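Only one structure is covered here, and it is reproduced in the block below.
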2 protein chains.
Amino acid sequence: MSITIKEIAELCGVSHGTVDRALNDRPGISLKTKEKILKVAADLNYQPDFLARSLAKGTTKTIGLVLFDLYNRSFSQLTNSIEMESRQREYFVNLLLTDKSFETEKQAIEHLVNRKVDGIILFPINQGADFEQYLKRFNVPIVTICNKLSDYWSYIGIDDRSAMSDAVQYVIDKGYQRIVYICPPLAYHGVSNIYTQEKRLEGLLEGMRLKNFAEEPIIVTDKHYIRALDNIDLKLKRTAIICSCDQYALETMNYLKDKGIRIPDDIGLLGFDNIDVLKYITPKLTTVHYNVEQMGKLAVDVLLEQIDKSAVTSPPLIEYKIIEGESL
Amino acid sequence: MSITIKEIAELCGVSHGTVDRALNDRPGISLKTKEKILKVAADLNYQPDFLARSLAKGTTKTIGLVLFDLYNRSFSQLTNSIEMESRQREYFVNLLLTDKSFETEKQAIEHLVNRKVDGIILFPINQGADFEQYLKRFNVPIVTICNKLSDYWSYIGIDDRSAMSDAVQYVIDKGYQRIVYICPPLAYHGVSNIYTQEKRLEGLLEGMRLKNFAEEPIIVTDKHYIRALDNIDLKLKRTAIICSCDQYALETMNYLKDKGIRIPDDIGLLGFDNIDVLKYITPKLTTVHYNVEQMGKLAVDVLLEQIDKSAVTSPPLIEYKIIEGESL
């Protein structure tokens, strides 16, 4: 690795302490000696020993980011904004992906704690009292994002319930007679942390109630949701397919195009997230927007506040709005 | 943070050495005592002090990943595969984005060296002898990806020159009379590392020569390439727009759609990268595919070989192929 203080001292013919004075800008050293030492250090690319310093200071200026994967475009956007904000605040990001595995998530957290990260931003797949007890034992600042654990933890997200309630009311106002709701994660109810998805479902049902919409929704929780669509007579009634995220909506759009089913003439389609690639999609997908960059920035803000001041806060939920496209 | 060995020793009424024996599965301790210690350690969520251990062992089991950003979809896919492969090999990933800034890239590398990462996967924006000399001084294993520095460094990529040569020949065989080539990074020739883009341009010119294609290409290097398209009479001759990456092709497609210019009836369009979101795009974009997941996996492979065996190797370039869409 890089040159040590001891080696600089030998090269300059001075003591270890003198080098230390020069590098840390402390008094008790002549300007000439200091300049000589700094030049040698720069020429030989001296780097301070960060690990040793971390041990002494008890901080690593590193935060851990634990989330599912980067396949869903909104996760990439979130990661990008978290890294950017952390870097601007002089923190580094240790990225760990869990593939939605309970065990991988716990291993990730343990590794981050072992590496003494200053805090963790967690998009959890685990849930429940045991998991929260497990997290508390580490005594490390944690901010949860997208999936909530409980009010004990800082949480960054949107009001998913209200957002989906507003969205379905918007759909109903367009005159649709039947709702197909696509949300495969709901199959994991009671098994894994699907907080966001459960809130969106509550919102869907609430919005329908508020509009006195009597027709029962068809809720698709099959992992192979495209195959499941084959069993629904999509043209029976004026139908809107509501997807709990844009990713499902894009897959559904491909399916409908393949079948020659026109959007929105034959069927309506609604997404959720407003991922950045939607701008390239035809027809333009109607969706629910929230500022995912703001979400990432806020997560870093709140985590650093917790690290610096031990203040566990949950800021207001992030705003959302319906983006009117051409798919409804 | 978590409980220490000293505290476990006090709780169990044994010595520090006895706890150490139990935790590290060494002899010289009764089974009963060992079980007691392990139970206390598990109950109190003991975590070994990784930083101290790293200092002793000289390895952090961490690799640094330095690249531009996660906005281009191919960078997210690459990051996802690098993280996944690293995790499977029990390495952690420190993600650093440079926003294509020379200084940010150097800061990122220095921070990673300070944190004693075992190696770095670098998608460089810097280039030149000075930069290479600078990197060599750190004496840390480095694998370059996508942009090459020189043969001194392990390099993972595709044969960009051949790929673009094949692609333009494919376009010419379709009967196009004029080529517009969109590649804004070329404006940075001699300024920043645009190795990949320079190779692609060489391939473009080579492919045209091989086909005796006399019409001069219109090369757009303006950052505002969409605005630049306004100054070209796209319908003058049977024209194909070749983009040096899918991202530019998608923006161009939006522009053409807005103008009512039909693809491929009025104009041809070719992308490069075959990013995963193309499957949602209509008309289907013709593009050049290479396996970006394989690229990420290979980068980790080669880096770990360098870390473990100090073997600096460059594996064969990754294969590519033209994906026939509906845009030419």
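FYI, nothing fancy with the structure tokens labels: chains A, B, ... in order, residues from 1 per chain, ligands from 1 as they appear.
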Exercise for review: Could you pull out the residues in region 238-285 of chain B that DSSP calls strand (DSSP E or B) from the backbone, as JSON, numbers by chain?
Suggested key: {"B": [239, 240, 241, 242, 243, 268, 269, 270, 273]}
For the contact check between chain B and chain A, emit one row per residue of chain B within 9 Å, containing the shortest atom pair and the distance in Å rounded to one decimal, counting only C-alpha atoms, chain then rising number order, as CSV.
residue,atom,partner,partner_atom,distance
B:Met1,CA,A:Asn139,CA,5.4
B:Ser2,CA,A:Phe138,CA,5.5
B:Ile3,CA,A:Phe138,CA,8.8
B:Leu44,CA,A:Arg137,CA,7.3
B:Asn45,CA,A:Arg137,CA,6.7
B:Tyr46,CA,A:Phe138,CA,8.9
B:Gln47,CA,A:Asn114,CA,6.2
B:Pro48,CA,A:Asn114,CA,6.4
B:Asp49,CA,A:Asn114,CA,5.9
B:Phe50,CA,A:Asn114,CA,5.0
B:Leu51,CA,A:Arg115,CA,6.0
B:Ala52,CA,A:Leu55,CA,7.3
B:Ser54,CA,A:Leu51,CA,8.2
B:Leu55,CA,A:Leu51,CA,7.0
B:Thr60,CA,A:Arg115,CA,8.7
B:Asp69,CA,A:Asn80,CA,6.7
B:Leu70,CA,A:Asn80,CA,5.7
B:Tyr71,CA,A:Gln77,CA,7.0
B:Arg73,CA,A:Arg73,CA,8.1
B:Ser76,CA,A:Ser76,CA,6.2
B:Gln77,CA,A:Leu70,CA,7.0
B:Thr79,CA,A:Leu70,CA,7.9
B:Asn80,CA,A:Leu70,CA,5.7
B:Glu83,CA,A:Leu96,CA,7.1
B:Met84,CA,A:Leu97,CA,7.3
B:Arg87,CA,A:Leu96,CA,8.1
B:Phe92,CA,A:Asn94,CA,7.4
B:Val93,CA,A:Leu95,CA,5.9
B:Asn94,CA,A:Asn94,CA,4.5
B:Leu95,CA,A:Val93,CA,5.9
B:Leu96,CA,A:Glu83,CA,7.1
B:Leu97,CA,A:Glu83,CA,7.1
B:Thr98,CA,A:Met84,CA,8.9
B:Asp99,CA,A:Met84,CA,8.9
B:Glu110,CA,A:Gln47,CA,7.5
B:His111,CA,A:Phe50,CA,8.5
B:Val113,CA,A:Gln47,CA,7.7
B:Asn114,CA,A:Phe50,CA,5.0
B:Arg115,CA,A:Phe50,CA,5.4
B:Lys116,CA,A:Leu51,CA,7.3
B:Tyr134,CA,A:Asn45,CA,7.9
B:Arg137,CA,A:Asn45,CA,6.7
B:Phe138,CA,A:Ser2,CA,5.4
B:Asn139,CA,A:Met1,CA,5.4
B:Val140,CA,A:Met1,CA,6.5
B:Leu250,CA,A:Tyr280,CA,6.3
B:Glu251,CA,A:Tyr280,CA,7.4
B:Met253,CA,A:Tyr280,CA,7.9
B:Asn254,CA,A:Tyr280,CA,6.5
B:Asp276,CA,A:Tyr71,CA,9.0
B:Val277,CA,A:Val277,CA,7.5
B:Lys279,CA,A:Asn254,CA,8.2
B:Tyr280,CA,A:Leu250,CA,6.3
B:Ile281,CA,A:Ile281,CA,5.9
B:Thr282,CA,A:Thr282,CA,6.8
Exercise for review: Do a neighbour search on Asp301 (chain B) at 10 Å with only C-alpha atoms, toss out local chain neighbours closer than 6 positions, and write the hits as number ranges by chain.
Suggested key: B: 82, 85-86, 89, 143, 295, 307, 315
Check your understanding: Please, which residues of region 69-139 of chain A, numbered as in this document, come out helix (DSSP H, G or I) from DSSP, as a PyMOL selection string?
Key -> chain A and resi 73-88+102-114+129-138
**Study point:** Neighbour list for region 263-274 of chain A as a PyMOL selection string, cut-off 6 Å, only C-alpha atoms, skip fewer than 4 positions in-chain
**Key:** chain A and resi 239-246+249+286-289+327-328
Point to revise | Distance query Ser150 (chain B) at most 10 Å, only C-alpha atoms, self and fewer than 4 positions along chain excluded, as a PyMOL selection string | key: chain B and resi 127-129+132+144+154-155
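Interatomic distance, CA of Leu256 (chain A) against CA of Ile158 (chain A): 29.7 Å.
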Check your understanding: Ala9 (chain B): which residues within 12 Å, counting only C-alpha atoms, same-chain residues fewer than 3 positions away excluded, as a list in words?
Key -> Ile3, Thr4, Ile5, Lys6, Cys12, Gly13, Val14, Ser15, His16, Gly17, Thr18, Val19, Asp20, Arg21, Ala22, Leu23, Thr33, Lys34, Lys36, Ile37, Leu38, Val40, Ala41 and Tyr46 of chain B
Check your understanding: So which residues touch Thr313 (chain A) within 10 Å, counting only C-alpha atoms, skipping near sequence neighbours fewer than 2 positions away, as number ranges by chain?
Key -> A: 143, 151-156, 302-303, 305-306, 310-311, 315-316
